[in-house]
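Participant: One structure, pasted below without further comment.
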Amino acid sequence: MWLRSVYLKTLRDYRVAILGWGIGMGLVVISPMASVGTLLTTPQARQQLVSLAASFAWNADVVAVDTIGGYATYKIGIFIFLIAVWPLLAGSRMLRGEEDRGSLDVLLSLPRRRVRVALEKVAAMWTALLSMGLLIGLLAFAGGQKFGGDFGLGGGLLFGVNLALLCAVVGGLALLISQFTSEGGPAAGWTAALLLPFIVLDMVHRVIPHTEWISRLSPVYYYNLSKPLVPSYGANVGAMIFLGALALVLSGAAVWLFSRRDVGDTVPLPRWLRLPEHRSSRALPVGDWSLRSVYTRSLGMTVRPAVWWTLGIAGFAAWMVVVVQQTEARLSTLFATSPTAASLIRNLGGGDANLNASFLSAIFVLLPLLLMAFAVTQVNHWAADEQDGRLDLVLTTPQSRLWVLLGRFAALGTATVAIGVVTLLASAVAAAATGLKLDLGNLAGATLGMIPLGLLVAAIGYLASGWLRTAADTGLLSFLLVIWFFISFIGPELKLPDATLRLSAFYYYGTPLVHGLELGPMLGVVAVSALALALGTLRFVRKDIAT
Amino acid sequence: MAAIIEVEGLTKSYGGKRGIVDVSFAVEEGEVFGFLGPNGAGKTTTIRLLMALLHADSGTARIAGLDCWKQSLELKRLIGYVPGEPSVDPNLTGGQILEYFAHLRGGVDQSYLEQLIQRFELDTSRKFRQYSTGNKRKVVLIQAFMHRPRLLILDEPTSGLDPLNQQEFDRMVREARDEGRTVFLSSHVLSEVEQLCSQVGIIREGRLVRVGGIADVKDIKRYEMAITFADAIPSETFMKLDGVVNVETFDHGHAVRLTMQGPADAVIKAAARYPVVSLTSHEPSLEDMFLHYYEANGSGAKEVHHVA
């Protein structure tokens, strides 16, 4: 049944993502619902929470944040980027990926119009997004029911549909950009690069009065006009229709361009938009530093993504340092008047010995999560290289399998360490520039302590790739991250037993910004990473390659 | 001369699916060995076992006395390899790929590498993803030859090459042979094997069905004779004659096409009874032998089909 049309076949390819992304993002939505209940025990606490949220208004509109649905909507603001990752990748690879593999040539040799093929694929992506939205909506509703939310099933589903519409815009944009790029990767990169200013544009009107006209240039603004989890606010049907229409226009433009260009070629950009052509020399040796060994080659492949991730992680850390310094006074009041808020931050941030450090610590827990996500992308490349036969020729040179794997892992390790070190420097500089008092030793522990967690995820990924194909390996790691995140961020509020909390890798990261890095648990993480890597290596040196 | 490749009882399956079964053969040093078989017969599996990309279920494979699995690192210094489906980092240029593999092999003679690039007229400044199928093949061929290996293992090496580059490849294989190096060549381009190889192994459904010198293999081949007569002849004239496998009659009995195996004496004598306008015979080729081996019943038994 699933192979009867391009639409069904594409939808079949998305089935794992629908489940994984839908459930994963649904859990992300539930997370703040679980935590807010315990925050709102007294009127003073409610007031302080609203006051604190207002300090972070740049992040999202402060609407009914003292309700389950309002708080969840507010908290999801920062996760928009995360939620848009799947449509961004799917849109950029939808046609370009198939062209890369040559499978589109075969598909287009069938008696089927090119426009129809593209439209069926777009329709499959939209169906997948709606299915994900449905799952997210159902989980949001379930979360609301469990934690005392006042929104109904309709609100939950509209929330999911609103997310799906924004994702359809991102997917359509990625699809459109991919018509101008020769590979899917740059299309994904450019879309991500555009998404960032969209988020910032949306923030502008919340920070600077009378600038709503600027924010209207961003699709994120129209997404934020609907808050279906807040019954008193509801959904803005006009904004949702606008998002749907925008997705339609972007996808339509992409399909129109696709139907008029050569397969495998790009739509030419105007001359003034073209990058200067870099013509490689014909002369040998090329003299490229990255071609000297498996390690340097792997490092060369990792450099570009590592730079982007470094900018993201280190930039986020530095920005948070600045934000915490600016909200210091309000935090003091909250701590003094709201024991429950203090309790939440204590759970995440690890104590109130130092106010700024506690709050920053709660935010800094996101840093290892981001670094681990970077590790997942790199494991994905490793598994794909084996699966697609790109390791075959390397393994038929006098390089042992052991060194090939370790060379690749060492390159990933180098990038991970670099990200940790740059994050430390950026945070330290931000703290010094703003005058925020932080223990430098603890800051080093918090930033460098995420390195073993990144390596742990990488080692588990390398081990699993000994048996699993690329998609399954990446799916497993992503699922692991979501589960760990859920256990560590929600577990304490749900009073999960200590044995369960210990299942999460974040447990061993602890709260280094407050208490310093605990050497014992970190050595434990390093030991488990080493064991996983050793087992992964053992498997790799014995296994059949790419069968 | 000693055997450089020794394969004994090699068996490999993929879960429940067949790979190869009990394959045994030897390749002498300095010879060009052709490994023939249709798609899915087990050629690539055998080669991947030799290259230690797969681990055999049973049996042994040795190259230059070294166990292909246990001593793979040492033996890979001796080998140049072309995979059936070339796959390398698509974002590297041809030049970068060659330089990378030269480094992984501990360095190569740059002037020889330049020579190879010129012989194949490869533009090394283009990215691998931008190359045509033929140019991708050239890159992996050059990387296989560039360190002057003692043994070349080539999995369908000329697939996608144009005739001029195929000729260049043929010359390179002959030069390698003349220098005393060994070439193990899998192919289903039979004319290529016929021209280049001194020994041939035929693999079918995972089993090696024949190994021998090129001359030994030729004797089982079929060939075709086409005879045109001035008058129509009875359709049963050539049926049941010794050496005749199949008879097709054309032009209302004025012409016949005979598929032959063995001596043509009986056919010539039968044809001589009628006024012959022309008689042509196709030179036996390995294509015929190949088809013969992969007929549905797999036997070489005499079978006569009559097509009138």
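In the structure tokens, chains take the letters A, B, ... in the order shown, each chain's residues start at 1, and ligands count up from 1 in the order shown.
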Apply DSSP to the structure's backbone, then extract all residues of segment 241-327 of chain A labelled alpha helix (DSSP H) and return them as a count of residues only.
Facilitator: 53
Participant: Taking only C-alpha atoms into account, produce a table as a Markdown table in which each residue of chain A with an atom at most 8 Å from an atom of chain B appears once, together with its shortest atom pair and the distance in Å to one decimal, ordered by chain and rising number.
Facilitator:
| residue | atom | partner | partner_atom | distance |
| --- | --- | --- | --- | --- |
| A:Arg279 | CA | B:Ser125 | CA | 7.2 |
| A:Ser280 | CA | B:Ser125 | CA | 5.0 |
| A:Ser281 | CA | B:Ser125 | CA | 5.6 |
| A:Arg282 | CA | B:Ser125 | CA | 4.8 |
| A:Ala283 | CA | B:Gly95 | CA | 7.8 |
| A:Leu284 | CA | B:Gly95 | CA | 6.5 |
| A:Pro285 | CA | B:Glu99 | CA | 6.3 |
| A:Val286 | CA | B:Gln96 | CA | 6.3 |
| A:Asp288 | CA | B:Gln96 | CA | 7.7 |
| A:Leu291 | CA | B:Tyr100 | CA | 4.7 |
| A:Arg292 | CA | B:His103 | CA | 5.6 |
| A:Ser293 | CA | B:Leu104 | CA | 6.2 |
| A:Val294 | CA | B:Leu104 | CA | 7.6 |
| A:Asp388 | CA | B:Ser87 | CA | 7.3 |
| A:Gly389 | CA | B:Ser87 | CA | 5.8 |
| A:Arg390 | CA | B:Val88 | CA | 4.7 |
| A:Leu391 | CA | B:Val88 | CA | 7.6 |
| A:Asp392 | CA | B:Leu53 | CA | 7.3 |
| A:Leu393 | CA | B:Pro83 | CA | 7.5 |
| A:Val394 | CA | B:Phe101 | CA | 7.5 |
| A:Leu395 | CA | B:Leu53 | CA | 7.5 |
| A:Thr396 | CA | B:Lys76 | CA | 6.1 |
| A:Thr397 | CA | B:Lys76 | CA | 5.8 |
| A:Pro398 | CA | B:Leu73 | CA | 5.2 |
| A:Gln399 | CA | B:Leu73 | CA | 6.7 |
| A:Ser400 | CA | B:Leu73 | CA | 6.1 |
| A:Arg542 | CA | B:His55 | CA | 7.5 |
| A:Lys543 | CA | B:His55 | CA | 7.2 |
| A:Asp544 | CA | B:Leu54 | CA | 4.4 |
| A:Ile545 | CA | B:Leu53 | CA | 5.4 |
| A:Thr547 | CA | B:Tyr14 | CA | 7.9 |
Participant: May I have the residues within 8 Å of Ile18 of chain A as a PyMOL selection string, using only C-alpha atoms and disregarding those fewer than 3 positions away in the same chain?
Facilitator: chain A and resi 14-15+21-22+128-129+131-132
Participant: So that I can check the surroundings of segment 482-485 of chain A, please list as a PyMOL selection string every protein, DNA and RNA residue that reaches within 7 Å of it, counting only C-alpha atoms and ignoring chain neighbours fewer than 5 positions away.
Facilitator: chain A and resi 24+504-506
Participant: Counting only C-alpha atoms, figure out which residue out of B:His282, B:Arg207, B:Lys269, B:Arg181 gets nearest to Arg18 of chain B.
Facilitator: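 Under the stated criterion, the closest residue is B:Arg207.
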Participant: Please list as a list in words every residue within 7 Å of Leu157 of chain A, counting only C-alpha atoms and excluding residues in the same chain fewer than 2 positions away.
Facilitator: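 Once the nearby chain positions are removed, what remains is Leu134, Gly137, Leu138, Leu153, Gly154, Gly155, Phe159, Gly160 and Val161 of chain A.
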Participant: Those selected residues, please, written with N, CA, C and O atoms and delivered as a PDB file, in the first residue's frame.
Facilitator:
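And here is the file that came out, part.pdb:
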ATOM      1  N   LEU A 134      -0.526  16.791  15.423  1.00  0.00           N
ATOM      2  CA  LEU A 134      -1.589  16.060  16.109  1.00  0.00           C
ATOM      3  C   LEU A 134      -1.039  15.373  17.358  1.00  0.00           C
ATOM      4  O   LEU A 134      -1.626  15.453  18.449  1.00  0.00           O
ATOM      5  N   GLY A 137      -0.202  17.970  19.892  1.00  0.00           N
ATOM      6  CA  GLY A 137      -1.443  18.493  20.467  1.00  0.00           C
ATOM      7  C   GLY A 137      -2.057  17.526  21.468  1.00  0.00           C
ATOM      8  O   GLY A 137      -2.503  17.934  22.560  1.00  0.00           O
ATOM      9  N   LEU A 138      -2.068  16.236  21.103  1.00  0.00           N
ATOM     10  CA  LEU A 138      -2.639  15.236  22.010  1.00  0.00           C
ATOM     11  C   LEU A 138      -1.824  15.142  23.300  1.00  0.00           C
ATOM     12  O   LEU A 138      -2.373  15.042  24.404  1.00  0.00           O
ATOM     13  N   LEU A 153      -9.296  19.731  24.589  1.00  0.00           N
ATOM     14  CA  LEU A 153      -8.685  18.996  23.485  1.00  0.00           C
ATOM     15  C   LEU A 153      -8.522  19.904  22.261  1.00  0.00           C
ATOM     16  O   LEU A 153      -7.485  19.864  21.572  1.00  0.00           O
ATOM     17  N   GLY A 154      -9.537  20.726  22.015  1.00  0.00           N
ATOM     18  CA  GLY A 154      -9.473  21.642  20.877  1.00  0.00           C
ATOM     19  C   GLY A 154      -8.279  22.569  20.979  1.00  0.00           C
ATOM     20  O   GLY A 154      -7.568  22.794  19.990  1.00  0.00           O
ATOM     21  N   GLY A 155      -8.044  23.099  22.162  1.00  0.00           N
ATOM     22  CA  GLY A 155      -6.899  23.984  22.378  1.00  0.00           C
ATOM     23  C   GLY A 155      -5.594  23.265  22.101  1.00  0.00           C
ATOM     24  O   GLY A 155      -4.690  23.805  21.434  1.00  0.00           O
ATOM     25  N   PHE A 159      -3.020  24.089  19.045  1.00  0.00           N
ATOM     26  CA  PHE A 159      -1.611  24.360  19.364  1.00  0.00           C
ATOM     27  C   PHE A 159      -0.707  23.552  18.420  1.00  0.00           C
ATOM     28  O   PHE A 159       0.258  24.081  17.848  1.00  0.00           O
ATOM     29  N   GLY A 160      -1.059  22.264  18.261  1.00  0.00           N
ATOM     30  CA  GLY A 160      -0.276  21.398  17.354  1.00  0.00           C
ATOM     31  C   GLY A 160      -0.358  21.872  15.916  1.00  0.00           C
ATOM     32  O   GLY A 160       0.656  21.904  15.200  1.00  0.00           O
ATOM     33  N   VAL A 161      -1.557  22.274  15.490  1.00  0.00           N
ATOM     34  CA  VAL A 161      -1.733  22.739  14.100  1.00  0.00           C
ATOM     35  C   VAL A 161      -0.942  24.029  13.877  1.00  0.00           C
ATOM     36  O   VAL A 161      -0.288  24.198  12.824  1.00  0.00           O
TER      37      VAL A 161
END
Participant: Calculate how many Å separate atom CA of Ala272 of chain B from atom CA of Gly253 of chain B, rounding to one decimal.
Facilitator: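 Between these atoms lies a distance of 15.6 Å.
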Participant: Name the residues in contact with Trp126 of chain A at a cut-off of 9 Å, using only C-alpha atoms, excluding same-chain residues fewer than 3 positions from it; report them as number ranges by chain.
Facilitator: A: 121-123, 129-131, 164-165, 167-168, 171
Participant: If you count only C-alpha atoms, which residues fall within 10 Å of Pro268 of chain A, apart from same-chain ones fewer than 6 positions away, as a list in words?
Facilitator: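 The residues satisfying every condition are Gln179, Phe180, Thr181, Arg261 and Arg274 of chain A.
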Participant: Using atom CA of Asp66 of chain A and atom CA of Arg46 of chain A as the two end points, give the distance in Å to one decimal.
Facilitator: 5.8 Å
Participant: What is the atom CA of Arg101 of chain A to atom CA of Trp2 of chain A distance in Å?
Facilitator: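 If I compute the distance from atom CA of Arg101 of chain A to atom CA of Trp2 of chain A, I get 21.0 Å.
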